[in-house]
Amino acid sequence: MKNIVKIFTVIIALLGTQSLHAQKVYATKTGQLFFNASGGIEKIAAVNNQVDSKFVDATGQIIFGVLIKGFKFENQLMEDHFNENYMESTQFPKADFKGYIKNIKEIDFSKDGKFPITIEGNLTIHGVAQKVNTSGTIEIVQGKPTIMGEFSVKIKDYGIKGLYIGEKIANEAKIKVNCKYQN
Amino acid sequence: MKKLIYVFVFLAIVAGGIYYYSFVYSKTHHRNAQAESSVLISSDALTAEYQANEQTANAKFLNKAVEVTGSILSISKDQAGHTTILMGKPDAFSNVSITLASTDPITHKAGDIITVKGVCTGNLSDVIINEGVIK
């Protein structure tokens, strides 16, 4: 009887150890997000270097958070208009994405290489959430993943109003993500 | 006729001024938070304000020049090469994450107590300070 108890104890301990290793959370606070809504000659583009993101390798659950006032434009006046007239960033200071990497099981985190990924979730900008489906790439270098992706958002879908949308400002903004994660 | 010329010259000067301000001046002159008067606060008090009520904290600090003092937890670089400093307590739920304006390396190390002036852009998992300069 004592032996059976011992065997069970060892099995439970082993399972416990396995479950500890079964899930890994990768995170960054300094990911990059590029925004481009150039609709005419004038370049309307910005970068944010403080993207906060986490993902879980076992489930594919992924989140991105970004502060609107963290977007830097070449042109200060454009940055001011972006914050005050379009994004209303005092009222809506954050944008976020919460979703899943659908094909996370196909990624081998132990091998260096590039893997295509599909991501699905909800993108909240300007206080409005919309479903987003997009594809991208995950690159593993010495166990550290980098997620890269590009997708477009219809500006008016997020309740963003203002002059020049559809003219100097494109109807669709291109969003490019480049996040190097630590483990 | 003379009046018409004056009106034309006036309009040309106004249009030139608008163009210069919008496309030349605004490209070369960015906000300089270092020249602005700032709110003085410790990193612990700043994170405590954001943890207590984010909306109230945003009303006080969002987009304002802030001079924050605290202990360095770690120093790193962001993907664009700027130096980043995590300031606060090792066991805290949230800290202050600062991106310096410069890409130059710094001589400070973890454990040092420093003061950084920058712009508060809000709160994610940490309170974010941008365009920081060590005082």
# chains A, B, ... in the order shown; residues from 1 in each chain; ligands from 1

call {"tool": "interface_residues", "arguments": {"of": "chain B", "to": "chain A", "cutoff": "10 Å", "atoms": "only C-alpha atoms", "output": "JSON, numbers by chain"}}
result
{"B": [21, 22, 23, 24, 25, 26, 27, 28, 29, 30, 31, 55, 58, 59, 62, 63, 76, 77, 78, 79, 80, 81, 82, 84, 97, 98, 99, 119, 120, 121, 122, 123, 124, 125, 126, 128, 129, 130, 131]}

call {"tool": "select_by_dssp", "arguments": {"residues": "region 41-103 of chain B", "states": "strand (DSSP E)", "output": "list in words"}}
result
Ile41, Ser42, Ala65, Val66, Glu67, Val68, Thr69, Gly70, Ser71, Ile72, Leu73, Ser74, Ile75, Ser76, Lys77, Thr83, Thr84, Ile85, Leu86, Met87, Val96, Ser97, Ile98, Thr99 and Leu100 of chain B

call {"tool": "closest_residue", "arguments": {"among": "B:Glu49, B:Ile134, B:Val127, B:Lys89", "to": "Pro105 (chain B)", "atoms": "only C-alpha atoms"}}
result
B:Ile134

call {"tool": "residues_around", "arguments": {"residues": "Met87 (chain A)", "least_positions_apart": "5", "cutoff": "9 Å", "atoms": "only C-alpha atoms", "output": "PyMOL selection string"}}
result
chain A and resi 68+81-82+92-93+125-126+160-161

call {"tool": "residues_around", "arguments": {"residues": "region 65-75 of chain B", "least_positions_apart": "2", "cutoff": "6 Å", "atoms": "only C-alpha atoms", "output": "JSON, numbers by chain"}}
result
{"B": [33, 38, 39, 40, 41, 42, 43, 84, 85, 86, 87, 88, 110, 111, 112, 113, 114, 115, 116, 117, 118, 119]}

call {"tool": "select_by_dssp", "arguments": {"residues": "region 74-154 of chain A", "states": "alpha helix (DSSP H)", "output": "mmCIF file with N, CA and C atoms, in the first residue's frame"}}
result
data_model
loop_
_atom_site.group_PDB
_atom_site.id
_atom_site.type_symbol
_atom_site.label_atom_id
_atom_site.label_comp_id
_atom_site.auth_asym_id
_atom_site.auth_seq_id
_atom_site.Cartn_x
_atom_site.Cartn_y
_atom_site.Cartn_z
ATOM 1 N N GLN A 76 5.095 67.823 -35.975
ATOM 2 C CA GLN A 76 4.446 68.036 -34.680
ATOM 3 C C GLN A 76 2.978 68.436 -34.816
ATOM 4 N N LEU A 77 2.687 69.269 -35.831
ATOM 5 C CA LEU A 77 1.307 69.736 -36.029
ATOM 6 C C LEU A 77 0.389 68.551 -36.371
ATOM 7 N N MET A 78 0.934 67.648 -37.197
ATOM 8 C CA MET A 78 0.177 66.444 -37.575
ATOM 9 C C MET A 78 -0.097 65.582 -36.333
ATOM 10 N N GLU A 79 0.916 65.476 -35.475
ATOM 11 C CA GLU A 79 0.781 64.700 -34.231
ATOM 12 C C GLU A 79 -0.298 65.310 -33.331
ATOM 13 N N ASP A 80 -0.309 66.638 -33.256
ATOM 14 C CA ASP A 80 -1.319 67.329 -32.437
ATOM 15 C C ASP A 80 -2.722 67.099 -32.993
ATOM 16 N N HIS A 81 -2.860 67.212 -34.323
ATOM 17 C CA HIS A 81 -4.174 66.998 -34.957
ATOM 18 C C HIS A 81 -4.634 65.554 -34.792
#

call {"tool": "atom_distance", "arguments": {"atom1": "CA of Ala27 (chain A)", "atom2": "CA of Gly127 (chain A)"}}
result
24.4 Å

call {"tool": "residues_around", "arguments": {"residues": "Asp57 (chain A)", "least_positions_apart": "5", "cutoff": "12 Å", "atoms": "only C-alpha atoms", "output": "mmCIF file with C-alpha atoms, in the first residue's frame"}}
result
data_model
loop_
_atom_site.group_PDB
_atom_site.id
_atom_site.type_symbol
_atom_site.label_atom_id
_atom_site.label_comp_id
_atom_site.auth_asym_id
_atom_site.auth_seq_id
_atom_site.Cartn_x
_atom_site.Cartn_y
_atom_site.Cartn_z
ATOM 1 C CA HIS A 21 6.686 23.658 -18.304
ATOM 2 C CA ALA A 22 3.654 23.241 -20.518
ATOM 3 C CA GLN A 23 2.910 26.950 -20.765
ATOM 4 C CA LYS A 24 5.192 29.875 -21.414
ATOM 5 C CA VAL A 25 4.283 33.553 -21.517
ATOM 6 C CA TYR A 26 6.329 35.707 -23.879
ATOM 7 C CA ALA A 27 6.219 39.446 -23.269
ATOM 8 C CA ILE A 62 -2.308 37.224 -27.408
ATOM 9 C CA TYR A 100 -5.645 34.278 -30.456
ATOM 10 C CA ILE A 101 -2.927 32.997 -32.756
ATOM 11 C CA LYS A 102 -5.103 30.340 -34.371
ATOM 12 C CA ASN A 103 -2.317 28.021 -35.555
ATOM 13 C CA ILE A 104 -0.020 28.289 -32.485
ATOM 14 C CA LYS A 105 0.285 24.470 -32.349
ATOM 15 C CA GLU A 106 2.149 24.503 -35.682
ATOM 16 C CA ILE A 107 4.977 26.620 -34.262
ATOM 17 C CA ASP A 108 8.079 24.897 -32.960
ATOM 18 C CA PHE A 109 9.556 27.307 -30.415
ATOM 19 C CA SER A 110 12.636 25.106 -29.990
ATOM 20 C CA ILE A 138 6.519 34.592 -36.218
ATOM 21 C CA GLY A 143 14.109 30.694 -28.489
ATOM 22 C CA LYS A 144 13.061 34.341 -28.720
ATOM 23 C CA PRO A 145 10.037 35.025 -30.928
ATOM 24 C CA TYR A 181 9.481 39.177 -27.187
ATOM 25 C CA ASN A 183 11.040 34.948 -22.322
#

call {"tool": "atom_distance", "arguments": {"atom1": "CA of Ile175 (chain A)", "atom2": "CA of Met148 (chain A)"}}
result
10.7 Å

call {"tool": "atom_distance", "arguments": {"atom1": "CA of Ala45 (chain A)", "atom2": "CA of Lys64 (chain B)"}}
result
23.3 Å

call {"tool": "closest_residue", "arguments": {"among": "B:Ala35, B:Gln51, B:Ala45, B:Ile5", "to": "Phe93 (chain B)", "atoms": "only C-alpha atoms"}}
result
B:Gln51

call {"tool": "closest_residue", "arguments": {"among": "A:Ala95, A:Ile140, A:Val56, A:Leu33", "to": "Lys176 (chain A)", "atoms": "only C-alpha atoms"}}
result
A:Leu33

call {"tool": "closest_residue", "arguments": {"among": "B:Phe61, B:Thr103, B:Asp44, B:Leu4", "to": "Pro90 (chain B)", "atoms": "only C-alpha atoms"}}
result
B:Asp44

call {"tool": "residues_around", "arguments": {"residues": "Leu163 (chain A)", "least_positions_apart": "6", "cutoff": "9 Å", "atoms": "only C-alpha atoms", "output": "MDAnalysis selection string"}}
result
chainID A and resid 85:86 169

call {"tool": "write_last_selection", "arguments": {"atoms": "N, CA and C atoms", "output": "mmCIF file, in the first residue's frame"}}
result
data_model
loop_
_atom_site.group_PDB
_atom_site.id
_atom_site.type_symbol
_atom_site.label_atom_id
_atom_site.label_comp_id
_atom_site.auth_asym_id
_atom_site.auth_seq_id
_atom_site.Cartn_x
_atom_site.Cartn_y
_atom_site.Cartn_z
ATOM 1 N N ASN A 85 -7.961 66.046 -32.891
ATOM 2 C CA ASN A 85 -9.111 66.098 -33.801
ATOM 3 C C ASN A 85 -9.608 64.739 -34.279
ATOM 4 N N TYR A 86 -8.726 63.744 -34.274
ATOM 5 C CA TYR A 86 -9.128 62.452 -34.842
ATOM 6 C C TYR A 86 -9.245 61.359 -33.759
ATOM 7 N N ILE A 169 -6.214 62.244 -45.933
ATOM 8 C CA ILE A 169 -6.074 61.070 -45.062
ATOM 9 C C ILE A 169 -6.794 59.904 -45.734
#
